[in-house]
$ cat upload.pdb   # PDB, C-alpha atoms and all ligand atoms
ATOM      1  CA  MET A   3      -6.697  -9.937 -17.437
ATOM      2  CA  THR A   4      -5.809  -8.929 -13.893
ATOM      3  CA  ALA A   5      -6.278  -5.273 -13.128
ATOM      4  CA  THR A   6      -2.976  -3.823 -12.060
ATOM      5  CA  THR A   7      -3.439  -1.223  -9.390
ATOM      6  CA  GLN A   8      -0.730   1.372  -9.793
ATOM      7  CA  ALA A   9       0.672   2.676  -6.511
ATOM      8  CA  PRO A  10      -0.462   6.287  -6.047
ATOM      9  CA  THR A  11       2.253   8.862  -6.720
ATOM     10  CA  GLU A  12       2.421  12.465  -5.566
ATOM     11  CA  ALA A  13       2.006  13.723  -9.121
ATOM     12  CA  SER A  14      -0.834  11.393 -10.063
ATOM     13  CA  THR A  15      -2.862  12.330  -6.964
ATOM     14  CA  SER A  16      -2.091  16.069  -6.884
ATOM     15  CA  LYS A  17      -5.147  18.373  -6.942
ATOM     16  CA  PHE A  18      -6.079  21.973  -6.195
ATOM     17  CA  VAL A  19      -9.297  23.530  -4.914
ATOM     18  CA  ARG A  20     -10.299  27.077  -4.045
ATOM     19  CA  ILE A  21     -12.010  27.395  -0.675
ATOM     20  CA  HIS A  22     -14.118  30.139   0.826
ATOM     21  CA  GLU A  23     -14.496  29.442   4.533
ATOM     22  CA  GLY A  24     -14.639  31.936   7.392
ATOM     23  CA  ASP A  25     -11.936  34.541   6.716
ATOM     24  CA  LEU A  26     -10.201  32.233   4.231
ATOM     25  CA  ASP A  27     -10.434  32.678   0.470
ATOM     26  CA  LEU A  28      -7.495  30.759  -0.923
ATOM     27  CA  GLN A  29      -6.294  27.853  -3.036
ATOM     28  CA  LEU A  30      -5.404  24.622  -1.281
ATOM     29  CA  HIS A  31      -3.316  21.788  -2.648
ATOM     30  CA  TYR A  32      -4.139  18.236  -1.618
ATOM     31  CA  ASN A  33      -3.436  14.680  -2.693
ATOM     32  CA  ASP A  34      -6.439  12.452  -3.300
ATOM     33  CA  CYS A  35      -5.643   8.719  -3.167
ATOM     34  CA  GLY A  36      -7.799   5.633  -3.500
ATOM     35  CA  ALA A  37     -11.549   5.347  -3.185
ATOM     36  CA  GLY A  38     -13.926   3.999  -0.609
ATOM     37  CA  ALA A  39     -16.947   4.556   1.586
ATOM     38  CA  GLU A  40     -14.764   5.975   4.349
ATOM     39  CA  THR A  41     -12.240   8.798   4.014
ATOM     40  CA  VAL A  42      -9.085   9.368   6.039
ATOM     41  CA  VAL A  43      -7.630  12.875   5.984
ATOM     42  CA  MET A  44      -3.964  13.258   6.925
ATOM     43  CA  LEU A  45      -2.658  16.553   8.320
ATOM     44  CA  HIS A  46       1.087  17.285   8.281
ATOM     45  CA  GLY A  47       3.386  19.053  10.740
ATOM     46  CA  SER A  48       4.760  22.576  10.777
ATOM     47  CA  GLY A  49       8.343  22.051   9.680
ATOM     48  CA  PRO A  50       9.802  23.996   6.750
ATOM     49  CA  GLY A  51       9.234  22.045   3.543
ATOM     50  CA  ALA A  52       6.660  19.781   5.183
ATOM     51  CA  SER A  53       3.701  18.558   3.170
ATOM     52  CA  GLY A  54       1.108  15.829   3.375
ATOM     53  CA  TRP A  55       3.108  13.634   1.016
ATOM     54  CA  ALA A  56       6.462  14.317   2.732
ATOM     55  CA  ASN A  57       5.054  13.409   6.137
ATOM     56  CA  PHE A  58       2.859  10.437   5.249
ATOM     57  CA  ASN A  59       4.270   8.790   2.124
ATOM     58  CA  ARG A  60       4.898   5.573   4.085
ATOM     59  CA  ASN A  61       1.325   5.434   5.351
ATOM     60  CA  ILE A  62      -0.863   5.916   2.257
ATOM     61  CA  GLU A  63      -0.816   2.594   0.429
ATOM     62  CA  PRO A  64      -1.930   0.336   3.325
ATOM     63  CA  LEU A  65      -4.986   2.533   3.874
ATOM     64  CA  VAL A  66      -5.781   2.643   0.144
ATOM     65  CA  ALA A  67      -5.337  -1.134  -0.063
ATOM     66  CA  ALA A  68      -7.745  -1.521   2.867
ATOM     67  CA  GLY A  69     -10.392   0.392   0.908
ATOM     68  CA  TYR A  70     -10.119   3.893   2.331
ATOM     69  CA  ARG A  71     -10.039   7.099   0.326
ATOM     70  CA  VAL A  72      -6.967   8.987   1.619
ATOM     71  CA  ILE A  73      -6.686  12.755   1.369
ATOM     72  CA  LEU A  74      -3.520  14.634   2.336
ATOM     73  CA  MET A  75      -4.212  18.335   2.810
ATOM     74  CA  ASP A  76      -1.363  20.816   2.512
ATOM     75  CA  CYS A  77      -2.163  23.492   5.089
ATOM     76  CA  PRO A  78      -2.207  27.153   4.048
ATOM     77  CA  GLY A  79       1.430  28.290   4.195
ATOM     78  CA  TRP A  80       2.923  24.960   3.147
ATOM     79  CA  SER A  81       3.915  23.175  -0.045
ATOM     80  CA  LYS A  82       1.717  24.078  -3.052
ATOM     81  CA  SER A  83      -1.079  25.684  -1.004
ATOM     82  CA  ASP A  84      -1.427  29.468  -0.943
ATOM     83  CA  PRO A  85       0.777  31.540   1.386
ATOM     84  CA  ILE A  86      -0.605  33.064   4.579
ATOM     85  CA  VAL A  87       0.516  34.894   7.730
ATOM     86  CA  CYS A  88      -1.183  33.589  10.888
ATOM     87  CA  ASN A  89      -1.640  36.186  13.636
ATOM     88  CA  GLY A  90      -3.866  33.989  15.777
ATOM     89  CA  SER A  91      -4.352  30.256  16.319
ATOM     90  CA  ARG A  92      -2.675  28.256  13.550
ATOM     91  CA  SER A  93      -4.538  25.180  14.775
ATOM     92  CA  ASP A  94      -7.899  26.880  14.223
ATOM     93  CA  LEU A  95      -6.796  28.383  10.887
ATOM     94  CA  ASN A  96      -5.917  24.906   9.610
ATOM     95  CA  ALA A  97      -9.202  23.561  10.982
ATOM     96  CA  THR A  98     -11.083  26.238   9.033
ATOM     97  CA  ALA A  99      -9.170  25.333   5.872
ATOM     98  CA  LEU A 100      -9.982  21.663   6.445
ATOM     99  CA  LYS A 101     -13.693  22.457   6.755
ATOM    100  CA  GLY A 102     -13.495  24.383   3.494
ATOM    101  CA  LEU A 103     -11.792  21.429   1.811
ATOM    102  CA  LEU A 104     -14.335  18.886   3.085
ATOM    103  CA  ASP A 105     -17.232  21.104   1.989
ATOM    104  CA  ALA A 106     -15.665  21.561  -1.449
ATOM    105  CA  LEU A 107     -15.296  17.778  -1.776
ATOM    106  CA  ASP A 108     -18.772  17.148  -0.349
ATOM    107  CA  LEU A 109     -17.348  14.988   2.450
ATOM    108  CA  ASP A 110     -19.582  14.988   5.490
ATOM    109  CA  ARG A 111     -17.644  12.886   8.020
ATOM    110  CA  VAL A 112     -14.016  11.749   7.951
ATOM    111  CA  HIS A 113     -11.346  10.126  10.093
ATOM    112  CA  LEU A 114      -8.413  12.414  10.869
ATOM    113  CA  ILE A 115      -4.738  11.490  11.259
ATOM    114  CA  GLY A 116      -2.663  14.426  12.487
ATOM    115  CA  ASN A 117       1.106  14.658  12.895
ATOM    116  CA  SER A 118       2.300  17.312  15.363
ATOM    117  CA  MET A 119       0.708  20.568  14.104
ATOM    118  CA  GLY A 120      -1.634  18.286  12.207
ATOM    119  CA  GLY A 121      -2.704  16.782  15.532
ATOM    120  CA  HIS A 122      -3.286  20.217  17.026
ATOM    121  CA  SER A 123      -5.352  21.103  13.932
ATOM    122  CA  ALA A 124      -7.343  17.854  14.086
ATOM    123  CA  VAL A 125      -8.347  18.610  17.690
ATOM    124  CA  ALA A 126      -9.301  22.181  16.736
ATOM    125  CA  PHE A 127     -11.467  20.770  13.906
ATOM    126  CA  ALA A 128     -13.101  18.212  16.235
ATOM    127  CA  LEU A 129     -13.954  20.948  18.743
ATOM    128  CA  ALA A 130     -15.510  23.136  16.044
ATOM    129  CA  ASN A 131     -17.151  20.358  13.991
ATOM    130  CA  PRO A 132     -17.785  17.361  16.297
ATOM    131  CA  ALA A 133     -20.340  15.718  14.003
ATOM    132  CA  ARG A 134     -17.862  15.600  11.113
ATOM    133  CA  VAL A 135     -15.203  13.501  12.845
ATOM    134  CA  GLY A 136     -15.239   9.719  12.845
ATOM    135  CA  LYS A 137     -12.049   8.658  14.618
ATOM    136  CA  LEU A 138      -8.930  10.627  15.522
ATOM    137  CA  VAL A 139      -5.294   9.517  15.356
ATOM    138  CA  LEU A 140      -2.953  12.029  16.999
ATOM    139  CA  MET A 141       0.820  11.566  16.661
ATOM    140  CA  GLY A 142       3.186  13.877  18.445
ATOM    141  CA  GLY A 143       0.538  16.550  18.705
ATOM    142  CA  GLY A 144      -3.034  17.354  19.630
ATOM    143  CA  THR A 145      -2.704  20.263  21.954
ATOM    144  CA  GLY A 146      -0.209  23.079  22.370
ATOM    145  CA  GLY A 147       0.754  24.596  25.657
ATOM    146  CA  ALA A 148       3.823  24.308  27.856
ATOM    147  CA  SER A 149       5.162  21.029  29.177
ATOM    148  CA  PRO A 150       5.482  20.944  32.992
ATOM    149  CA  PHE A 151       8.504  18.657  32.645
ATOM    150  CA  THR A 152      10.457  19.765  29.559
ATOM    151  CA  PRO A 153      12.123  23.153  29.010
ATOM    152  CA  MET A 154      10.176  25.070  26.337
ATOM    153  CA  PRO A 155      10.634  25.685  23.511
ATOM    154  CA  THR A 156      12.051  22.195  23.095
ATOM    155  CA  GLU A 157      15.404  21.664  21.362
ATOM    156  CA  GLY A 158      13.586  20.415  18.271
ATOM    157  CA  ILE A 159      11.312  23.444  18.027
ATOM    158  CA  LYS A 160      14.294  25.765  18.443
ATOM    159  CA  LEU A 161      16.009  24.009  15.509
ATOM    160  CA  LEU A 162      12.787  24.163  13.472
ATOM    161  CA  GLN A 163      12.374  27.889  14.056
ATOM    162  CA  GLY A 164      16.063  28.470  13.336
ATOM    163  CA  LEU A 165      15.710  26.592  10.055
ATOM    164  CA  TYR A 166      12.868  28.885   8.989
ATOM    165  CA  ARG A 167      15.158  31.857   9.632
ATOM    166  CA  GLU A 168      18.254  30.354   7.987
ATOM    167  CA  PRO A 169      17.160  27.679   5.471
ATOM    168  CA  SER A 170      20.317  25.717   4.689
ATOM    169  CA  ILE A 171      21.182  22.066   4.184
ATOM    170  CA  ASP A 172      23.280  22.085   7.371
ATOM    171  CA  ASN A 173      20.455  23.517   9.480
ATOM    172  CA  LEU A 174      18.012  21.084   7.853
ATOM    173  CA  LYS A 175      20.238  18.135   8.768
ATOM    174  CA  LYS A 176      20.591  19.418  12.342
ATOM    175  CA  MET A 177      16.790  19.562  12.676
ATOM    176  CA  MET A 178      16.100  16.205  11.045
ATOM    177  CA  GLU A 179      18.755  14.451  13.157
ATOM    178  CA  VAL A 180      16.881  15.538  16.296
ATOM    179  CA  PHE A 181      13.606  14.708  14.588
ATOM    180  CA  VAL A 182      14.075  10.931  14.581
ATOM    181  CA  PHE A 183      15.603   8.492  17.066
ATOM    182  CA  ASP A 184      17.806   6.689  14.496
ATOM    183  CA  SER A 185      19.212   9.282  12.083
ATOM    184  CA  SER A 186      20.989   6.576  10.058
ATOM    185  CA  GLU A 187      17.699   6.137   8.188
ATOM    186  CA  LEU A 188      17.783   9.706   6.895
ATOM    187  CA  THR A 189      18.999   9.678   3.282
ATOM    188  CA  GLU A 190      20.584  12.372   1.128
ATOM    189  CA  GLU A 191      17.558  11.947  -1.162
ATOM    190  CA  LEU A 192      15.217  12.782   1.716
ATOM    191  CA  PHE A 193      17.302  15.799   2.699
ATOM    192  CA  GLN A 194      17.393  17.057  -0.888
ATOM    193  CA  ALA A 195      13.641  16.655  -1.339
ATOM    194  CA  ARG A 196      12.977  18.639   1.822
ATOM    195  CA  LEU A 197      15.522  21.310   0.856
ATOM    196  CA  ASP A 198      13.921  21.650  -2.592
ATOM    197  CA  ASN A 199      10.462  21.958  -0.986
ATOM    198  CA  MET A 200      11.767  24.585   1.412
ATOM    199  CA  LEU A 201      13.717  26.734  -1.039
ATOM    200  CA  GLY A 202      10.979  26.428  -3.646
ATOM    201  CA  ARG A 203       8.654  28.512  -1.448
ATOM    202  CA  ARG A 204      10.604  31.257   0.302
ATOM    203  CA  ASP A 205       7.285  33.066   0.831
ATOM    204  CA  HIS A 206       6.171  30.243   3.131
ATOM    205  CA  LEU A 207       9.413  30.483   5.119
ATOM    206  CA  ASP A 208       9.156  34.262   5.466
ATOM    207  CA  ASN A 209       5.478  34.109   6.412
ATOM    208  CA  PHE A 210       6.105  31.534   9.142
ATOM    209  CA  VAL A 211       8.702  33.875  10.696
ATOM    210  CA  LYS A 212       6.252  36.796  10.431
ATOM    211  CA  SER A 213       3.526  34.624  12.019
ATOM    212  CA  LEU A 214       5.775  33.751  14.971
ATOM    213  CA  ALA A 215       6.610  37.445  15.454
ATOM    214  CA  ALA A 216       2.884  38.295  15.431
ATOM    215  CA  ASN A 217       1.942  35.412  17.731
ATOM    216  CA  PRO A 218       4.666  33.243  19.310
ATOM    217  CA  LYS A 219       1.994  30.877  20.637
ATOM    218  CA  GLN A 220       0.649  29.573  17.325
ATOM    219  CA  PHE A 221      -0.791  26.414  18.918
ATOM    220  CA  PRO A 222      -3.227  26.989  21.819
ATOM    221  CA  ASP A 223      -3.473  24.618  24.781
ATOM    222  CA  PHE A 224      -6.751  22.753  24.280
ATOM    223  CA  SER A 225      -6.440  20.801  27.561
ATOM    224  CA  PRO A 226      -9.429  22.574  29.248
ATOM    225  CA  ARG A 227     -11.757  21.579  26.352
ATOM    226  CA  LEU A 228     -10.633  18.017  25.557
ATOM    227  CA  GLY A 229     -13.599  16.622  27.509
ATOM    228  CA  GLU A 230     -15.874  17.910  24.741
ATOM    229  CA  ILE A 231     -14.420  15.447  22.223
ATOM    230  CA  SER A 232     -16.234  12.092  22.222
ATOM    231  CA  ALA A 233     -14.555  10.716  19.070
ATOM    232  CA  PRO A 234     -12.564   7.510  19.615
ATOM    233  CA  THR A 235      -8.931   8.614  19.642
ATOM    234  CA  LEU A 236      -5.635   6.776  19.194
ATOM    235  CA  ILE A 237      -2.733   8.788  20.562
ATOM    236  CA  VAL A 238       0.701   7.748  19.285
ATOM    237  CA  TRP A 239       4.007   9.093  20.582
ATOM    238  CA  GLY A 240       7.706   8.440  20.396
ATOM    239  CA  SER A 241       9.358   7.936  23.763
ATOM    240  CA  ASN A 242      12.320   9.974  22.500
ATOM    241  CA  ASP A 243      10.307  12.851  20.997
ATOM    242  CA  ARG A 244      12.457  15.981  21.307
ATOM    243  CA  PHE A 245       9.964  18.264  19.494
ATOM    244  CA  VAL A 246       6.690  17.755  21.365
ATOM    245  CA  PRO A 247       7.370  15.825  24.583
ATOM    246  CA  LEU A 248       5.584  12.635  25.607
ATOM    247  CA  ASP A 249       3.908  14.377  28.527
ATOM    248  CA  SER A 250       1.767  16.258  25.969
ATOM    249  CA  GLY A 251       0.462  12.842  24.950
ATOM    250  CA  LEU A 252      -0.287  12.053  28.587
ATOM    251  CA  ARG A 253      -2.228  15.318  28.866
ATOM    252  CA  LEU A 254      -4.285  14.252  25.838
ATOM    253  CA  LEU A 255      -4.902  10.811  27.342
ATOM    254  CA  ALA A 256      -6.046  12.385  30.600
ATOM    255  CA  GLY A 257      -8.385  14.832  28.878
ATOM    256  CA  LEU A 258      -9.934  12.886  25.985
ATOM    257  CA  PRO A 259     -12.780  10.694  27.282
ATOM    258  CA  ASN A 260     -12.458   7.990  24.598
ATOM    259  CA  ALA A 261      -8.693   7.739  24.022
ATOM    260  CA  GLU A 262      -5.889   5.200  24.165
ATOM    261  CA  LEU A 263      -2.145   5.830  23.991
ATOM    262  CA  HIS A 264       0.548   3.832  22.186
ATOM    263  CA  VAL A 265       4.160   4.770  22.862
ATOM    264  CA  PHE A 266       6.901   3.574  20.507
ATOM    265  CA  ASN A 267      10.256   3.124  22.198
ATOM    266  CA  ARG A 268      13.397   4.131  20.255
ATOM    267  CA  CYS A 269      11.227   6.639  18.371
ATOM    268  CA  GLY A 270      11.372  10.406  17.900
ATOM    269  CA  HIS A 271       8.821  12.856  16.496
ATOM    270  CA  TRP A 272       7.941  10.951  13.332
ATOM    271  CA  ALA A 273       6.380   7.695  14.590
ATOM    272  CA  GLN A 274       4.452   7.203  11.328
ATOM    273  CA  TRP A 275       7.766   7.233   9.410
ATOM    274  CA  GLU A 276      10.202   5.666  11.903
ATOM    275  CA  HIS A 277       7.931   2.686  12.675
ATOM    276  CA  ALA A 278       5.765   2.805   9.566
ATOM    277  CA  ASP A 279       4.755  -0.851   9.303
ATOM    278  CA  LYS A 280       3.701  -1.197  12.926
ATOM    279  CA  PHE A 281       2.096   2.250  12.896
ATOM    280  CA  ASN A 282       0.079   1.323   9.814
ATOM    281  CA  ARG A 283      -1.121  -1.932  11.412
ATOM    282  CA  LEU A 284      -2.053  -0.055  14.583
ATOM    283  CA  VAL A 285      -4.076   2.527  12.638
ATOM    284  CA  LEU A 286      -5.825  -0.028  10.417
ATOM    285  CA  ASP A 287      -6.840  -2.051  13.458
ATOM    286  CA  PHE A 288      -8.025   1.083  15.294
ATOM    287  CA  LEU A 289     -10.090   2.332  12.347
ATOM    288  CA  SER A 290     -11.725  -1.032  11.719
ATOM    289  CA  HIS A 291     -12.797  -1.909  15.287
TER     290      HIS A 291
HETATM  291  O1  LIG B   1       5.423  23.273  17.805
HETATM  292  C1  LIG B   1       4.564  22.377  17.775
HETATM  293  O2  LIG B   1       3.784  22.117  18.717
HETATM  294  C2  LIG B   1       4.453  21.564  16.535
HETATM  295  C3  LIG B   1       5.570  21.285  15.833
HETATM  296  C4  LIG B   1       5.413  20.614  14.547
HETATM  297  O3  LIG B   1       4.323  20.522  13.980
HETATM  298  C5  LIG B   1       6.594  20.097  13.893
HETATM  299  C6  LIG B   1       6.436  19.172  12.888
HETATM  300  C7  LIG B   1       7.415  19.061  11.827
HETATM  301  C8  LIG B   1       7.228  18.194  10.784
HETATM  302  O4  LIG B   1       6.228  17.337  10.715
HETATM  303  C9  LIG B   1       8.149  18.159   9.645
HETATM  304  O5  LIG B   1       7.961  17.280   8.779
HETATM  305  O6  LIG B   1       9.077  19.005   9.597
END
$ encode --input "upload.pdb" --output "structure tokens" --more "lines below"
Ligand SMILES: O=C(O)/C=C/C(=O)/C=C/C=C(\O)C(=O)O
Amino acid sequence: MTATTQAPTEASTSKFVRIHEGDLDLQLHYNDCGAGAETVVMLHGSGPGASGWANFNRNIEPLVAAGYRVILMDCPGWSKSDPIVCNGSRSDLNATALKGLLDALDLDRVHLIGNSMGGHSAVAFALANPARVGKLVLMGGGTGGASPFTPMPTEGIKLLQGLYREPSIDNLKKMMEVFVFDSSELTEELFQARLDNMLGRRDHLDNFVKSLAANPKQFPDFSPRLGEISAPTLIVWGSNDRFVPLDSGLRLLAGLPNAELHVFNRCGHWAQWEHADKFNRLVLDFLSH
């Protein structure tokens, strides 16, 4: 009888763990998919209603099929994880939460895939815990700081922050249509799922606004310290990214000693979703060589 491997679903992989790490004492939600000798942890972006599953649902199965354990952490302040107000570095807060999660799961060393804020957080974790990082994949993020070429905040970030303040389907559609290069791929189902995620946790929305008021620069510029990171790094960007501009990816390439950059043309801020098949092949090849 052939074993039928069921595709992982959000519900079937949903787990909770309480972490005590640094100043954090909170419950995290995460999705735990597949099994294997190597673990890949995926870190989502900062948009309202974002979650590990919402950001990476097109990227899980190929990694599971290749024999990786895949963990999607929901950062404090998102999805089903506990609420929090961040008065300092959100990148370092998420990195602290990630350390707490890895310790709770007894995972010593993992590969990290970070999207936008997830990339910033992955770099913060690598700076604080260099021995615990295998390889890094940074998409549309990895360091904060101002772009020397693009007016800041970018049009996408302005729409994102506006959506936190006025969470409506119209404002969500305005943000998502800037999010990707080809908005024809955005479905009513996707919009509704994001809207449900958003409106299901008003505390997260309110706390993000309070965090911005306390510290408008939630994501520090790590450029001066990138030379400390020896982990092999694949940087991935969309040439049409209107949230975190491509020149941030060039700054990462210039600063990270062991990095390569892949730019997708006709691609916005969600390379892992907009070009999922090619992105997945790129990541699998990078992780295995
Ligand atoms: O402001 C920054 O540097 C980072 C912005 C983000 O992390 C935005 C990401 C948004 C998503 O991933 C989303 O799914 O809404």
$ residues_around --input "upload.pdb" --residues "Asn59 in chain A" --least-positions-apart "5" --cutoff "9 Å" --atoms "only C-alpha atoms" --output "list in words"
Glu12, Gly54 and Trp275 of chain A
$ write_last_selection --input "upload.pdb" --atoms "C-alpha atoms" --output "mmCIF file, in the coordinates of the input"
data_model
loop_
_atom_site.group_PDB
_atom_site.id
_atom_site.type_symbol
_atom_site.label_atom_id
_atom_site.label_comp_id
_atom_site.auth_asym_id
_atom_site.auth_seq_id
_atom_site.Cartn_x
_atom_site.Cartn_y
_atom_site.Cartn_z
ATOM 1 C CA GLU A 12 2.421 12.465 -5.566
ATOM 2 C CA GLY A 54 1.108 15.829 3.375
ATOM 3 C CA TRP A 275 7.766 7.233 9.410
#
$ residues_near_point --input "upload.pdb" --point "(-3.6, 27.8, -3.0)" --cutoff "7 Å" --atoms "all atoms listed in the file" --output "number ranges by chain"
A: 20, 28-31, 82-84
$ closest_residue --input "upload.pdb" --among "A:Asn242, A:Ser250, A:Ser93, A:Thr235" --to "Gly143 in chain A" --atoms "all atoms listed in the file"
A:Ser250
$ resolve_selection --input "upload.pdb" --expression "the PyMOL selection byres (((not hetatm)) within 7 of (chain B and resi 1))" --output "PyMOL selection string"
chain A and resi 46-52+56-57+117-120+143+146+159+221+245-246
$ write_last_selection --input "upload.pdb" --atoms "C-alpha atoms" --output "short mmCIF file (atom, residue, chain, number, x, y, z; two decimals), in the frame of the given file"
data_model
loop_
_atom_site.label_atom_id
_atom_site.label_comp_id
_atom_site.auth_asym_id
_atom_site.auth_seq_id
_atom_site.Cartn_x
_atom_site.Cartn_y
_atom_site.Cartn_z
CA HIS A 46 1.09 17.28 8.28
CA GLY A 47 3.39 19.05 10.74
CA SER A 48 4.76 22.58 10.78
CA GLY A 49 8.34 22.05 9.68
CA PRO A 50 9.80 24.00 6.75
CA GLY A 51 9.23 22.04 3.54
CA ALA A 52 6.66 19.78 5.18
CA ALA A 56 6.46 14.32 2.73
CA ASN A 57 5.05 13.41 6.14
CA ASN A 117 1.11 14.66 12.90
CA SER A 118 2.30 17.31 15.36
CA MET A 119 0.71 20.57 14.10
CA GLY A 120 -1.63 18.29 12.21
CA GLY A 143 0.54 16.55 18.70
CA GLY A 146 -0.21 23.08 22.37
CA ILE A 159 11.31 23.44 18.03
CA PHE A 221 -0.79 26.41 18.92
CA PHE A 245 9.96 18.26 19.49
CA VAL A 246 6.69 17.76 21.36
#
$ closest_atom_pairs --input "upload.pdb" --of "range 70-114 of chain A" --to "range 37-40 of chain A" --cutoff "12 Å" --atoms "only C-alpha atoms" --output "tab-separated table"
residue	atom	partner	partner_atom	distance
A:Tyr70	CA	A:Gly38	CA	4.8
A:Arg71	CA	A:Ala37	CA	4.2
A:Val72	CA	A:Ala37	CA	7.6
A:Ile73	CA	A:Ala37	CA	10.0
A:Leu109	CA	A:Glu40	CA	9.6
A:Asp110	CA	A:Glu40	CA	10.3
A:Arg111	CA	A:Glu40	CA	8.3
A:Val112	CA	A:Glu40	CA	6.8
A:His113	CA	A:Glu40	CA	7.9
A:Leu114	CA	A:Glu40	CA	11.1
$ residues_near_point --input "upload.pdb" --point "(13.0, 15.8, 13.7)" --cutoff "10 Å" --atoms "all atoms listed in the file" --output "MDAnalysis selection string"
chainID A and resid 49 157:159 161:162 174:183 185 243:245 270:272
$ residues_around --input "upload.pdb" --residues "Val139 in chain A" --least-positions-apart "5" --cutoff "8 Å" --atoms "all atoms listed in the file" --output "number ranges by chain"
A: 114-116, 121, 235-238, 285
$ closest_residue --input "upload.pdb" --among "A:Pro169, A:Gly136, A:Gly142, A:Pro234" --to "Arg204 in chain A" --atoms "all atoms listed in the file"
A:Pro169
$ closest_residue --input "upload.pdb" --among "A:Trp239, A:Phe18, A:Phe127, A:Phe281" --to "Leu74 in chain A" --atoms "all atoms listed in the file"
A:Phe18
$ closest_residue --input "upload.pdb" --among "A:Leu165, A:Ala261, A:Ala130, A:Ala124" --to "Leu207 in chain A" --atoms "only C-alpha atoms"
A:Leu165
